[in-house]
file final_2.csv (CSV, C-alpha atoms and all ligand atoms)
chain,number,residue,atom,x,y,z
A,1,MET,CA,71.9,67.5,108.7
A,2,LYS,CA,73.1,69.3,111.8
A,3,THR,CA,75.5,72.2,111.0
A,4,GLU,CA,78.1,72.7,113.7
A,5,ILE,CA,80.2,75.9,114.2
A,6,LYS,CA,83.5,75.1,115.8
A,7,ASN,CA,86.7,77.1,116.5
A,8,VAL,CA,89.8,76.0,114.7
A,9,THR,CA,91.4,73.5,117.1
A,10,PRO,CA,93.4,70.2,116.4
A,11,GLU,CA,90.1,68.3,117.1
A,12,SER,CA,87.9,70.4,114.7
A,13,LEU,CA,90.7,70.2,112.1
A,14,ARG,CA,90.7,66.4,112.4
A,15,GLU,CA,86.9,66.4,112.0
A,16,ALA,CA,87.1,68.7,109.0
A,17,LYS,CA,89.7,66.5,107.4
A,18,ASN,CA,87.5,63.4,107.9
A,19,PHE,CA,84.6,65.2,106.2
A,20,ILE,CA,86.8,66.3,103.3
A,21,ASN,CA,88.1,62.8,102.8
A,22,ALA,CA,84.5,61.5,102.9
A,23,GLY,CA,83.7,63.8,99.9
A,24,GLU,CA,81.8,66.3,102.1
A,25,VAL,CA,82.0,70.1,101.9
A,26,VAL,CA,82.9,72.2,105.0
A,27,ALA,CA,83.1,76.0,105.4
A,28,ILE,CA,86.5,77.5,106.2
A,29,PRO,CA,87.6,81.0,107.2
A,30,THR,CA,90.0,83.0,105.0
A,31,GLU,CA,91.4,86.5,105.2
A,32,THR,CA,89.0,87.7,102.5
A,33,VAL,CA,85.6,85.9,103.0
A,34,TYR,CA,84.6,82.4,104.2
A,35,GLY,CA,84.9,79.6,101.6
A,36,LEU,CA,82.9,76.4,101.0
A,37,GLY,CA,85.6,73.9,100.7
A,38,GLY,CA,85.8,70.4,99.0
A,39,ASN,CA,88.5,68.0,97.7
A,40,ALA,CA,89.6,69.4,94.3
A,41,PHE,CA,90.5,65.8,93.1
A,42,ASN,CA,87.0,64.4,93.9
A,43,ASP,CA,84.4,64.9,91.2
A,44,GLU,CA,81.5,64.3,93.5
A,45,ALA,CA,82.8,66.7,96.1
A,46,VAL,CA,83.3,69.4,93.5
A,47,LYS,CA,79.8,68.8,92.1
A,48,LYS,CA,78.3,69.0,95.6
A,49,ILE,CA,79.7,72.5,96.0
A,50,PHE,CA,77.8,73.7,92.9
A,51,THR,CA,74.6,72.0,94.1
A,52,VAL,CA,74.8,73.3,97.7
A,53,LYS,CA,75.5,76.8,96.5
A,54,GLY,CA,73.1,76.8,93.6
A,55,ARG,CA,76.0,77.9,91.5
A,56,PRO,CA,75.8,78.1,87.7
A,57,ASN,CA,77.8,75.2,86.3
A,58,ASP,CA,79.9,77.4,84.0
A,59,ASN,CA,81.5,79.4,86.8
A,60,PRO,CA,84.9,77.9,87.8
A,61,LEU,CA,86.3,77.4,91.2
A,62,ILE,CA,89.6,78.4,92.9
A,63,ALA,CA,91.9,75.7,94.3
A,64,HIS,CA,93.3,76.7,97.7
A,65,VAL,CA,96.6,75.3,99.0
A,66,HIS,CA,98.9,75.9,102.0
A,67,SER,CA,102.1,77.9,101.6
A,68,GLY,CA,104.3,74.8,101.7
A,69,TYR,CA,102.4,73.0,99.0
A,70,ASP,CA,104.4,71.9,95.9
A,71,LEU,CA,102.6,73.8,93.1
A,72,SER,CA,104.2,71.6,90.5
A,73,LYS,CA,101.6,68.9,91.5
A,74,ILE,CA,98.9,71.0,89.9
A,75,ILE,CA,100.5,73.4,87.4
A,76,ASP,CA,103.5,73.3,85.1
A,77,TYR,CA,103.7,76.6,83.1
A,78,ASP,CA,104.9,79.3,85.6
A,79,PRO,CA,106.3,82.4,84.1
A,80,PRO,CA,109.0,84.3,86.1
A,81,TYR,CA,106.7,87.2,86.8
A,82,ALA,CA,104.2,84.8,88.5
A,83,LYS,CA,106.9,83.8,90.9
A,84,LYS,CA,107.7,87.4,91.6
A,85,LEU,CA,104.0,88.0,92.4
A,86,ARG,CA,103.9,84.9,94.7
A,87,ASP,CA,107.0,86.1,96.5
A,88,ALA,CA,105.6,89.6,96.9
A,89,PHE,CA,102.0,88.9,97.9
A,90,LEU,CA,101.5,85.2,98.9
A,91,PRO,CA,100.2,83.9,101.2
A,92,GLY,CA,97.5,86.6,100.8
A,93,PRO,CA,94.4,87.8,98.9
A,94,LEU,CA,95.7,87.2,95.3
A,95,THR,CA,94.5,84.3,93.1
A,96,LEU,CA,96.7,83.4,90.1
A,97,VAL,CA,95.2,81.8,87.0
A,98,TYR,CA,97.6,79.3,85.3
A,99,PRO,CA,97.2,77.1,82.3
A,100,SER,CA,95.6,73.9,83.5
A,101,THR,CA,97.4,70.6,83.6
A,102,GLY,CA,94.2,68.6,84.1
A,103,LYS,CA,95.3,67.2,87.5
A,104,VAL,CA,92.3,68.3,89.5
A,105,SER,CA,88.7,67.3,88.8
A,106,PRO,CA,87.5,68.6,85.3
A,107,PHE,CA,84.5,70.1,87.1
A,108,VAL,CA,86.7,72.7,88.9
A,109,SER,CA,87.5,74.8,85.8
A,110,CYS,CA,84.1,74.1,84.0
A,111,GLY,CA,85.7,73.5,80.6
A,112,LEU,CA,88.2,76.4,80.7
A,113,ASN,CA,91.8,75.5,80.0
A,114,THR,CA,93.1,77.3,83.1
A,115,LEU,CA,93.2,76.7,86.9
A,116,ALA,CA,92.9,79.4,89.5
A,117,VAL,CA,95.1,78.8,92.6
A,118,ARG,CA,95.1,80.7,95.8
A,119,ILE,CA,97.3,80.6,98.9
A,120,PRO,CA,95.3,82.3,101.7
A,121,SER,CA,97.1,83.9,104.6
A,122,HIS,CA,94.5,83.3,107.3
A,123,ASP,CA,96.0,81.2,110.1
A,124,GLY,CA,92.9,79.0,110.3
A,125,ALA,CA,92.9,78.5,106.5
A,126,GLN,CA,96.6,77.6,106.5
A,127,ALA,CA,96.1,75.1,109.4
A,128,PHE,CA,93.1,73.5,107.6
A,129,LEU,CA,95.0,73.3,104.3
A,130,ARG,CA,98.1,71.8,105.9
A,131,ALA,CA,95.9,69.2,107.7
A,132,VAL,CA,94.3,68.0,104.5
A,133,ASP,CA,97.4,68.6,102.3
A,134,ILE,CA,95.4,68.5,99.1
A,135,PRO,CA,94.1,71.4,96.9
A,136,ILE,CA,90.7,72.5,98.3
A,137,VAL,CA,88.3,74.2,95.9
A,138,ALA,CA,86.4,76.9,97.7
A,139,PRO,CA,84.0,79.5,96.4
A,140,SER,CA,82.7,82.1,98.8
A,141,ALA,CA,80.4,80.3,101.3
A,142,ASN,CA,77.1,82.1,100.3
A,143,LEU,CA,74.1,80.9,98.4
A,144,SER,CA,74.7,81.9,94.7
A,145,LYS,CA,74.0,85.6,94.1
A,146,HIS,CA,73.7,86.4,97.8
A,147,VAL,CA,76.1,88.6,99.7
A,148,SER,CA,79.5,86.9,100.5
A,149,PRO,CA,80.0,85.9,104.1
A,150,THR,CA,82.6,87.6,106.4
A,151,SER,CA,81.7,85.6,109.6
A,152,ALA,CA,80.8,82.1,110.6
A,153,GLU,CA,77.3,83.4,111.4
A,154,HIS,CA,76.8,84.6,107.8
A,155,VAL,CA,77.7,81.1,106.5
A,156,TYR,CA,75.2,79.6,109.0
A,157,GLU,CA,72.5,81.9,107.7
A,158,ASP,CA,72.9,80.5,104.2
A,159,PHE,CA,73.8,76.8,104.9
A,160,GLN,CA,72.2,75.8,108.1
A,161,GLY,CA,71.2,72.1,107.7
A,162,LYS,CA,73.1,71.8,104.4
A,163,ILE,CA,76.7,71.4,105.4
A,164,PRO,CA,78.1,69.5,108.5
A,165,LEU,CA,80.8,71.9,109.7
A,166,ILE,CA,81.8,75.6,109.7
A,167,LEU,CA,85.3,76.3,111.0
A,168,ASP,CA,85.0,79.6,112.8
A,169,GLY,CA,88.1,81.8,112.3
A,170,GLY,CA,86.5,85.1,113.4
A,171,THR,CA,85.5,88.0,111.3
A,172,CYS,CA,87.4,88.2,108.0
A,173,VAL,CA,89.8,91.2,108.0
A,174,GLY,CA,89.9,91.7,104.2
A,175,GLY,CA,86.2,91.7,103.6
A,176,ILE,CA,86.1,91.4,99.8
A,177,GLU,CA,87.2,88.4,97.7
A,178,SER,CA,90.8,87.9,96.4
A,179,THR,CA,92.1,89.7,93.3
A,180,VAL,CA,91.9,87.2,90.5
A,181,CYS,CA,94.9,87.6,88.1
A,182,ASP,CA,95.6,85.7,84.9
A,183,VAL,CA,99.2,84.8,84.5
A,184,THR,CA,98.9,82.8,81.3
A,185,GLY,CA,100.1,85.7,79.0
A,186,GLU,CA,103.0,88.1,78.6
A,187,ILE,CA,101.8,90.3,81.4
A,188,PRO,CA,99.4,89.8,84.3
A,189,VAL,CA,95.7,90.6,83.7
A,190,ILE,CA,93.3,91.3,86.5
A,191,LEU,CA,90.0,89.4,86.0
A,192,ARG,CA,88.5,90.5,89.4
A,193,PRO,CA,89.7,93.5,91.4
A,194,GLY,CA,90.5,93.1,95.1
A,195,LEU,CA,92.8,94.0,97.9
A,196,ILE,CA,96.0,93.4,95.8
A,197,THR,CA,95.6,96.2,93.4
A,198,LYS,CA,96.6,96.8,89.8
A,199,GLU,CA,99.0,99.4,91.0
A,200,MET,CA,100.7,97.0,93.5
A,201,ILE,CA,101.1,94.3,90.8
A,202,ALA,CA,102.5,96.7,88.3
A,203,GLU,CA,105.0,98.0,90.8
A,204,VAL,CA,106.4,94.4,91.3
A,205,VAL,CA,106.4,93.2,87.7
A,206,GLY,CA,106.3,96.4,85.7
A,207,ALA,CA,102.9,96.1,84.0
A,208,CYS,CA,99.4,95.0,84.7
A,209,GLU,CA,96.2,95.2,82.7
A,210,GLU,CA,92.5,94.9,83.7
A,211,TYR,CA,90.2,92.7,81.8
A,212,THR,CA,86.9,94.0,80.6
A,213,PRO,CA,84.7,91.4,79.0
A,214,ASP,CA,83.3,92.2,75.6
A,215,PHE,CA,79.8,90.6,75.6
A,216,GLN,CA,79.1,91.5,72.0
A,217,SER,CA,82.2,89.9,70.4
A,218,GLY,CA,81.1,86.3,70.9
A,219,GLU,CA,84.5,85.4,72.6
A,220,ARG,CA,84.3,83.1,75.5
A,221,VAL,CA,84.4,85.2,78.7
A,222,LYS,CA,87.7,84.6,80.6
A,223,SER,CA,86.2,84.7,84.0
A,224,PRO,CA,82.6,83.6,83.9
A,225,GLY,CA,82.0,85.0,87.4
A,226,VAL,CA,81.8,88.5,85.9
A,227,LEU,CA,78.6,87.5,84.1
A,228,TYR,CA,76.4,86.9,87.0
A,229,LYS,CA,74.4,88.9,89.5
A,230,HIS,CA,76.4,88.8,92.7
A,231,TYR,CA,76.6,89.9,96.3
A,232,ALA,CA,73.0,91.1,96.3
A,233,PRO,CA,71.1,91.7,99.6
A,234,ARG,CA,67.5,90.5,99.9
A,235,CYS,CA,66.0,93.9,99.7
A,236,GLU,CA,65.3,96.5,97.0
A,237,THR,CA,68.4,98.6,96.3
A,238,ALA,CA,69.1,101.9,94.6
A,239,LEU,CA,72.7,103.1,93.9
A,240,PHE,CA,73.6,106.8,93.5
A,241,ALA,CA,76.9,108.2,92.2
A,242,ALA,CA,79.0,110.1,94.8
A,243,GLY,CA,78.1,113.5,93.2
A,244,ALA,CA,74.3,112.7,93.3
A,245,TRP,CA,73.9,112.4,97.1
A,246,THR,CA,71.3,115.2,97.1
A,247,ASP,CA,69.2,113.0,94.8
A,248,ALA,CA,69.7,110.1,97.2
A,249,LEU,CA,68.5,112.4,100.0
A,250,GLU,CA,65.3,113.2,98.1
A,251,LYS,CA,64.7,109.6,97.2
A,252,ALA,CA,65.1,108.6,100.8
A,253,LYS,CA,62.7,111.3,102.1
A,254,ALA,CA,60.0,110.2,99.6
A,255,ALA,CA,60.5,106.5,100.1
A,256,ALA,CA,60.6,106.7,103.9
A,257,LYS,CA,56.9,107.6,103.8
A,258,GLU,CA,56.0,104.2,102.5
A,259,LYS,CA,58.6,101.7,103.6
A,260,ARG,CA,61.6,101.1,105.8
A,261,VAL,CA,64.6,102.7,104.3
A,262,ALA,CA,68.3,102.4,105.1
A,263,ILE,CA,71.2,104.4,103.8
A,264,LEU,CA,74.7,103.0,103.1
A,265,CYS,CA,77.4,105.7,102.6
A,266,GLU,CA,80.9,106.7,103.5
A,267,SER,CA,81.6,108.2,107.0
A,268,GLU,CA,81.7,111.7,105.6
A,269,LEU,CA,78.0,111.7,104.6
A,270,VAL,CA,76.6,109.9,107.7
A,271,GLY,CA,75.7,113.1,109.5
A,272,THR,CA,73.9,114.4,106.4
A,273,PHE,CA,71.6,111.4,106.2
A,274,GLN,CA,71.1,110.8,109.9
A,275,VAL,CA,68.8,113.9,110.1
A,276,LEU,CA,66.2,112.0,108.1
A,277,GLY,CA,65.6,109.6,111.0
A,278,VAL,CA,66.3,106.5,108.9
A,279,THR,CA,69.0,103.9,109.6
A,280,VAL,CA,72.4,105.0,108.3
A,281,LEU,CA,75.0,102.3,107.8
A,282,ASP,CA,78.5,103.7,107.9
A,283,LEU,CA,80.8,102.2,105.3
A,284,GLY,CA,84.0,103.8,106.7
A,285,ARG,CA,86.6,106.4,105.7
A,286,THR,CA,89.4,104.5,103.9
A,287,ALA,CA,89.1,102.0,101.1
A,288,THR,CA,90.4,99.1,103.2
A,289,GLU,CA,87.9,100.0,105.9
A,290,MET,CA,85.1,100.0,103.3
A,291,ALA,CA,86.2,96.6,101.9
A,292,ASN,CA,86.1,95.2,105.5
A,293,ARG,CA,82.6,96.6,106.2
A,294,LEU,CA,80.8,96.3,102.9
A,295,TYR,CA,79.3,92.7,103.1
A,296,GLY,CA,78.5,93.0,106.8
A,297,ALA,CA,76.6,96.2,106.1
A,298,LEU,CA,74.7,94.6,103.1
A,299,ARG,CA,73.6,91.7,105.2
A,300,GLU,CA,72.6,94.0,108.1
A,301,ALA,CA,70.5,96.0,105.6
A,302,GLU,CA,68.5,92.9,104.8
A,303,GLY,CA,67.2,92.7,108.3
A,304,LEU,CA,66.6,96.4,108.6
A,305,CYS,CA,64.9,97.8,105.6
A,306,GLU,CA,62.9,97.1,102.4
A,307,LEU,CA,64.9,99.7,100.4
A,308,LEU,CA,68.6,100.2,100.7
A,309,ILE,CA,69.9,103.4,99.2
A,310,ALA,CA,73.6,103.3,98.7
A,311,ILE,CA,75.8,106.2,97.7
A,312,GLU,CA,79.1,105.4,96.0
A,313,PRO,CA,82.2,106.7,97.9
A,314,LYS,CA,84.1,109.5,96.2
A,315,ALA,CA,87.6,107.9,96.0
A,316,ARG,CA,88.8,106.0,92.9
A,317,GLY,CA,91.6,103.6,92.1
A,318,GLY,CA,93.6,101.2,94.3
A,319,VAL,CA,91.4,99.1,96.7
A,320,MET,CA,88.5,101.3,95.9
A,321,THR,CA,88.2,99.6,92.4
A,322,GLY,CA,87.3,96.3,94.2
A,323,VAL,CA,85.0,98.0,96.6
A,324,LEU,CA,83.1,99.8,93.9
A,325,ASN,CA,83.0,96.6,91.7
A,326,ARG,CA,81.2,94.7,94.6
A,327,LEU,CA,78.9,97.6,95.5
A,328,GLN,CA,77.8,98.1,91.9
A,329,LYS,CA,77.2,94.4,91.4
A,330,ALA,CA,75.3,94.1,94.7
A,331,CYS,CA,73.0,97.0,93.8
A,332,ILE,CA,72.5,97.2,90.1
A,333,SER,CA,73.8,94.0,88.3
A,334,THR,CA,71.5,91.5,86.6
A,335,ASP,CA,72.3,88.1,85.1
A,336,ILE,CA,73.5,88.5,81.6
A,337,PRO,CA,71.4,86.2,79.4
A,338,HIS,CA,73.1,83.3,77.6
A,339,GLY,CA,72.6,84.8,74.2
A,340,LYS,CA,74.8,87.8,75.1
A,341,ARG,CA,77.8,85.8,76.3
A,401,LIG,O1,88.8,85.4,98.2
A,401,LIG,C1,88.4,84.5,97.5
A,401,LIG,O2,88.8,84.3,96.3
A,401,LIG,C2,87.3,83.6,98.0
A,401,LIG,C3,87.8,82.8,99.2
A,401,LIG,C4,86.9,81.8,99.7
A,401,LIG,O3,89.1,82.3,98.9
A,401,LIG,N1,86.8,82.7,97.0
A,401,LIG,C5,86.0,83.2,96.0
A,401,LIG,O4,85.5,82.2,95.2
A,401,LIG,O5,85.7,84.4,95.9
A,401,LIG,P1,84.3,82.4,94.1
A,401,LIG,O6,84.0,81.1,93.6
A,401,LIG,O7,83.2,83.1,94.9
A,401,LIG,O8,84.9,83.4,93.0
A,401,LIG,C6,85.9,82.8,92.2
A,401,LIG,C7,86.1,83.8,91.0
A,401,LIG,C8,84.9,83.7,90.0
A,401,LIG,O9,84.7,85.0,89.5
A,401,LIG,C9,85.4,82.8,89.0
A,401,LIG,O10,84.8,83.0,87.7
A,401,LIG,C10,86.9,83.1,88.9
A,401,LIG,O11,87.2,83.3,90.3
A,401,LIG,N2,87.6,81.9,88.5
A,401,LIG,C11,87.8,80.7,89.0
A,401,LIG,N3,88.6,79.9,88.3
A,401,LIG,C12,88.9,80.6,87.2
A,401,LIG,C13,89.7,80.4,86.0
A,401,LIG,N4,90.2,79.2,85.8
A,401,LIG,N5,89.8,81.4,85.1
A,401,LIG,C14,89.2,82.6,85.3
A,401,LIG,N6,88.5,82.9,86.4
A,401,LIG,C15,88.3,81.9,87.3
A,402,MG,MG,81.5,84.3,95.2
call {"tool": "encode", "arguments": {"input": "final_2.csv", "output": "structure tokens", "more": "lines below"}}
Ligand code: TXA
Ligand code: MG
result
Amino acid sequence: MKTEIKNVTPESLREAKNFINAGEVVAIPTETVYGLGGNAFNDEAVKKIFTVKGRPNDNPLIAHVHSGYDLSKIIDYDPPYAKKLRDAFLPGPLTLVYPSTGKVSPFVSCGLNTLAVRIPSHDGAQAFLRAVDIPIVAPSANLSKHVSPTSAEHVYEDFQGKIPLILDGGTCVGGIESTVCDVTGEIPVILRPGLITKEMIAEVVGACEEYTPDFQSGERVKSPGVLYKHYAPRCETALFAAGAWTDALEKAKAAAKEKRVAILCESELVGTFQVLGVTVLDLGRTATEMANRLYGALREAEGLCELLIAIEPKARGGVMTGVLNRLQKACISTDIPHGKR
């Protein structure tokens, strides 16, 4: 199959819609990362997404709709605080998890009794979602476990020959995936941190919790995505705490004698590592800058080095929670075996 990359135009949108109606999957831009989209009502299209990505079949998908879409077509329970969150943050990088009404394909939620819904703000995503006017399930458009894509070229690297069309909406400004927030209970609970932070949500609705899975308890994990290795570049990685940058320096010096080494650190440390003569990837100064650059830097590292040494930025809280979550998963996470779930 030939994979075409096309700018978002009336013609490419028509083509994308035809593919979607034929049960195909197409890649679409969003303000966070690129997504691999398919018709949420079509079992075969949803199954195709899992196959093409190599995604574990217990990791549910997010349904994407345009901002004018009538949500009562897919959800019914909608607590007043969820409306407040939609009014404050949507369209934008916040996914809300509602009780499921069973309207979309059962393969979307993988047996959970909830449905995650997202209204992206990216103009190209909105144009595409308006053109198809149905919920589109779209995981990040990367092969399972690989670094999420923030450009059409990243998508092409992973899916060349496997999907017919990539709608090119430029480089994603957000850079890390949407905040996933459960709104089925009394107060919102963040299942995956992102650009809409716990602090921002609490300010609008008065309270917000963060979910931490308890793997020992035997309870079914609320958001299975937290179980899996994620965002990993195809090179060896080593992650150092912010305070341990001198250890990172020693490790880099020693390793550089045997292999190609690259460093990933915040701007403040770039000069310190540059003296080693190895490649230094600058993550940026602010948390939003770091979110924007992280995945691009991880993909760049793959082509540059055999060992990537990453040093955690110093800042904590806010958007940094999401950045650290992705950096740690990219560098040190492993799949959690079934027995521990
Ligand atoms: O920014 C984003 O959310 C991107 C773009 C393409 O929109 N999409 C994305 O999808 O990151 P994906 O599939 O890579 O991650 C979806 C996350 C997973 O951690 C999954 O477990 C969780 O959302 N999720 C999906 N449906 C859920 C549900 N019903 N309950 C709890 N978690 C859910
Ligand atoms: Mg993903």
call {"tool": "residues_near_point", "arguments": {"input": "final_2.csv", "point": "(90.2, 73.8, 78.6)", "cutoff": "12 Å", "atoms": "only C-alpha atoms", "output": "short mmCIF file (atom, residue, chain, number, x, y, z; two decimals) with C-alpha atoms, in the frame of the given file"}}
result
data_model
loop_
_atom_site.label_atom_id
_atom_site.label_comp_id
_atom_site.auth_asym_id
_atom_site.auth_seq_id
_atom_site.Cartn_x
_atom_site.Cartn_y
_atom_site.Cartn_z
CA PRO A 60 84.90 77.90 87.80
CA TYR A 98 97.60 79.30 85.30
CA PRO A 99 97.20 77.10 82.30
CA SER A 100 95.60 73.90 83.50
CA THR A 101 97.40 70.60 83.60
CA GLY A 102 94.20 68.60 84.10
CA PRO A 106 87.50 68.60 85.30
CA PHE A 107 84.50 70.10 87.10
CA VAL A 108 86.70 72.70 88.90
CA SER A 109 87.50 74.80 85.80
CA CYS A 110 84.10 74.10 84.00
CA GLY A 111 85.70 73.50 80.60
CA LEU A 112 88.20 76.40 80.70
CA ASN A 113 91.80 75.50 80.00
CA THR A 114 93.10 77.30 83.10
CA LEU A 115 93.20 76.70 86.90
CA ARG A 220 84.30 83.10 75.50
CA LYS A 222 87.70 84.60 80.60
#
call {"tool": "closest_atom_pairs", "arguments": {"input": "final_2.csv", "of": "chain A", "to": "ligand LIG 401 (chain A)", "cutoff": "8 Å", "atoms": "all atoms listed in the file", "output": "JSON lines"}}
result
{"residue": "A:Ile28", "atom": "CA", "partner": "A:LIG401", "partner_atom": "C4", "distance": 7.8}
{"residue": "A:Pro29", "atom": "CA", "partner": "A:LIG401", "partner_atom": "C4", "distance": 7.6}
{"residue": "A:Thr30", "atom": "CA", "partner": "A:LIG401", "partner_atom": "O3", "distance": 6.2}
{"residue": "A:Glu31", "atom": "CA", "partner": "A:LIG401", "partner_atom": "O1", "distance": 7.5}
{"residue": "A:Thr32", "atom": "CA", "partner": "A:LIG401", "partner_atom": "O1", "distance": 4.9}
{"residue": "A:Val33", "atom": "CA", "partner": "A:LIG401", "partner_atom": "C3", "distance": 5.4}
{"residue": "A:Tyr34", "atom": "CA", "partner": "A:LIG401", "partner_atom": "C4", "distance": 5.1}
{"residue": "A:Gly35", "atom": "CA", "partner": "A:LIG401", "partner_atom": "C4", "distance": 3.5}
{"residue": "A:Leu36", "atom": "CA", "partner": "A:LIG401", "partner_atom": "C4", "distance": 6.8}
{"residue": "A:Asn59", "atom": "CA", "partner": "A:LIG401", "partner_atom": "O10", "distance": 5.0}
{"residue": "A:Pro60", "atom": "CA", "partner": "A:LIG401", "partner_atom": "C11", "distance": 4.2}
{"residue": "A:Leu61", "atom": "CA", "partner": "A:LIG401", "partner_atom": "C11", "distance": 4.2}
{"residue": "A:Ile62", "atom": "CA", "partner": "A:LIG401", "partner_atom": "C11", "distance": 4.9}
{"residue": "A:His64", "atom": "CA", "partner": "A:LIG401", "partner_atom": "O3", "distance": 7.1}
{"residue": "A:Pro93", "atom": "CA", "partner": "A:LIG401", "partner_atom": "O1", "distance": 6.1}
{"residue": "A:Leu94", "atom": "CA", "partner": "A:LIG401", "partner_atom": "O2", "distance": 7.6}
{"residue": "A:Thr95", "atom": "CA", "partner": "A:LIG401", "partner_atom": "O2", "distance": 6.5}
{"residue": "A:Val97", "atom": "CA", "partner": "A:LIG401", "partner_atom": "N5", "distance": 5.7}
{"residue": "A:Tyr98", "atom": "CA", "partner": "A:LIG401", "partner_atom": "N4", "distance": 7.4}
{"residue": "A:Ser100", "atom": "CA", "partner": "A:LIG401", "partner_atom": "N4", "distance": 7.9}
{"residue": "A:Val108", "atom": "CA", "partner": "A:LIG401", "partner_atom": "N3", "distance": 7.5}
{"residue": "A:Ser109", "atom": "CA", "partner": "A:LIG401", "partner_atom": "N4", "distance": 5.2}
{"residue": "A:Leu112", "atom": "CA", "partner": "A:LIG401", "partner_atom": "N4", "distance": 6.2}
{"residue": "A:Asn113", "atom": "CA", "partner": "A:LIG401", "partner_atom": "N4", "distance": 7.1}
{"residue": "A:Thr114", "atom": "CA", "partner": "A:LIG401", "partner_atom": "N4", "distance": 4.4}
{"residue": "A:Leu115", "atom": "CA", "partner": "A:LIG401", "partner_atom": "N4", "distance": 4.1}
{"residue": "A:Ala116", "atom": "CA", "partner": "A:LIG401", "partner_atom": "N3", "distance": 4.5}
{"residue": "A:Val117", "atom": "CA", "partner": "A:LIG401", "partner_atom": "N3", "distance": 7.9}
{"residue": "A:Arg118", "atom": "CA", "partner": "A:LIG401", "partner_atom": "O3", "distance": 6.9}
{"residue": "A:Pro120", "atom": "CA", "partner": "A:LIG401", "partner_atom": "O3", "distance": 6.8}
{"residue": "A:Ala138", "atom": "CA", "partner": "A:LIG401", "partner_atom": "C4", "distance": 5.3}
{"residue": "A:Pro139", "atom": "CA", "partner": "A:LIG401", "partner_atom": "O6", "distance": 3.2}
{"residue": "A:Ser140", "atom": "CA", "partner": "A:LIG401", "partner_atom": "O7", "distance": 4.1}
{"residue": "A:Ala141", "atom": "CA", "partner": "A:LIG401", "partner_atom": "C4", "distance": 6.9}
{"residue": "A:Ser148", "atom": "CA", "partner": "A:LIG401", "partner_atom": "O7", "distance": 7.7}
{"residue": "A:Ile176", "atom": "CA", "partner": "A:LIG401", "partner_atom": "O1", "distance": 6.8}
{"residue": "A:Glu177", "atom": "CA", "partner": "A:LIG401", "partner_atom": "O1", "distance": 3.4}
{"residue": "A:Ser178", "atom": "CA", "partner": "A:LIG401", "partner_atom": "O1", "distance": 3.7}
{"residue": "A:Thr179", "atom": "CA", "partner": "A:LIG401", "partner_atom": "O2", "distance": 7.0}
{"residue": "A:Val180", "atom": "CA", "partner": "A:LIG401", "partner_atom": "O11", "distance": 6.1}
{"residue": "A:Asp182", "atom": "CA", "partner": "A:LIG401", "partner_atom": "C14", "distance": 7.1}
{"residue": "A:Leu191", "atom": "CA", "partner": "A:LIG401", "partner_atom": "N6", "distance": 6.7}
{"residue": "A:Arg192", "atom": "CA", "partner": "A:LIG401", "partner_atom": "O9", "distance": 6.7}
{"residue": "A:Lys222", "atom": "CA", "partner": "A:LIG401", "partner_atom": "C14", "distance": 5.3}
{"residue": "A:Ser223", "atom": "CA", "partner": "A:LIG401", "partner_atom": "N6", "distance": 3.8}
{"residue": "A:Pro224", "atom": "CA", "partner": "A:LIG401", "partner_atom": "O10", "distance": 4.4}
{"residue": "A:Gly225", "atom": "CA", "partner": "A:LIG401", "partner_atom": "O9", "distance": 3.4}
{"residue": "A:Val226", "atom": "CA", "partner": "A:LIG401", "partner_atom": "O9", "distance": 5.8}
call {"tool": "residues_around", "arguments": {"input": "final_2.csv", "residues": "Gly68 of chain A", "least_positions_apart": "3", "cutoff": "9 Å", "atoms": "all atoms listed in the file", "output": "PyMOL selection string"}}
result
chain A and resi 65+71+130
call {"tool": "atom_distance", "arguments": {"input": "final_2.csv", "atom1": "atom CA of Thr321 of chain A", "atom2": "atom CA of Gly194 of chain A"}}
result
7.4 Å
call {"tool": "closest_residue", "arguments": {"input": "final_2.csv", "among": "A:Lys198, A:Lys53, A:Lys259, A:Lys17", "to": "ligand MG 402 (chain A)", "atoms": "all atoms listed in the file"}}
result
A:Lys53
call {"tool": "residues_near_point", "arguments": {"input": "final_2.csv", "point": "(75.5, 81.3, 91.6)", "cutoff": "8 Å", "atoms": "all atoms listed in the file", "output": "PyMOL selection string"}}
result
chain A and resi 53-56+59+143-145+228-230
call {"tool": "closest_residue", "arguments": {"input": "final_2.csv", "among": "A:Gln328, A:Thr288, A:Thr9, A:Thr51", "to": "Phe128 of chain A", "atoms": "all atoms listed in the file"}}
result
A:Thr9
call {"tool": "atom_distance", "arguments": {"input": "final_2.csv", "atom1": "atom CA of Cys208 of chain A", "atom2": "atom CA of Ile190 of chain A"}}
result
7.4 Å
call {"tool": "closest_residue", "arguments": {"input": "final_2.csv", "among": "A:Ala248, A:Val319, A:Ala241, A:Val147", "to": "ligand MG 402 (chain A)", "atoms": "all atoms listed in the file"}}
result
A:Val147
call {"tool": "atom_distance", "arguments": {"input": "final_2.csv", "atom1": "atom CA of Ala27 of chain A", "atom2": "atom CA of Lys103 of chain A"}}
result
23.4 Å
call {"tool": "closest_residue", "arguments": {"input": "final_2.csv", "among": "A:Cys172, A:Phe50, A:Glu44, A:Ala297", "to": "ligand MG 402 (chain A)", "atoms": "only C-alpha atoms and all ligand atoms"}}
result
A:Phe50
call {"tool": "closest_residue", "arguments": {"input": "final_2.csv", "among": "A:Ile75, A:Ala232, A:Val189, A:Ile263", "to": "ligand MG 402 (chain A)", "atoms": "only C-alpha atoms and all ligand atoms"}}
result
A:Ala232
call {"tool": "residues_around", "arguments": {"input": "final_2.csv", "residues": "Ile119 of chain A", "least_positions_apart": "6", "cutoff": "7 Å", "atoms": "all atoms listed in the file", "output": "PyMOL selection string"}}
result
chain A and resi 64-67+90-92
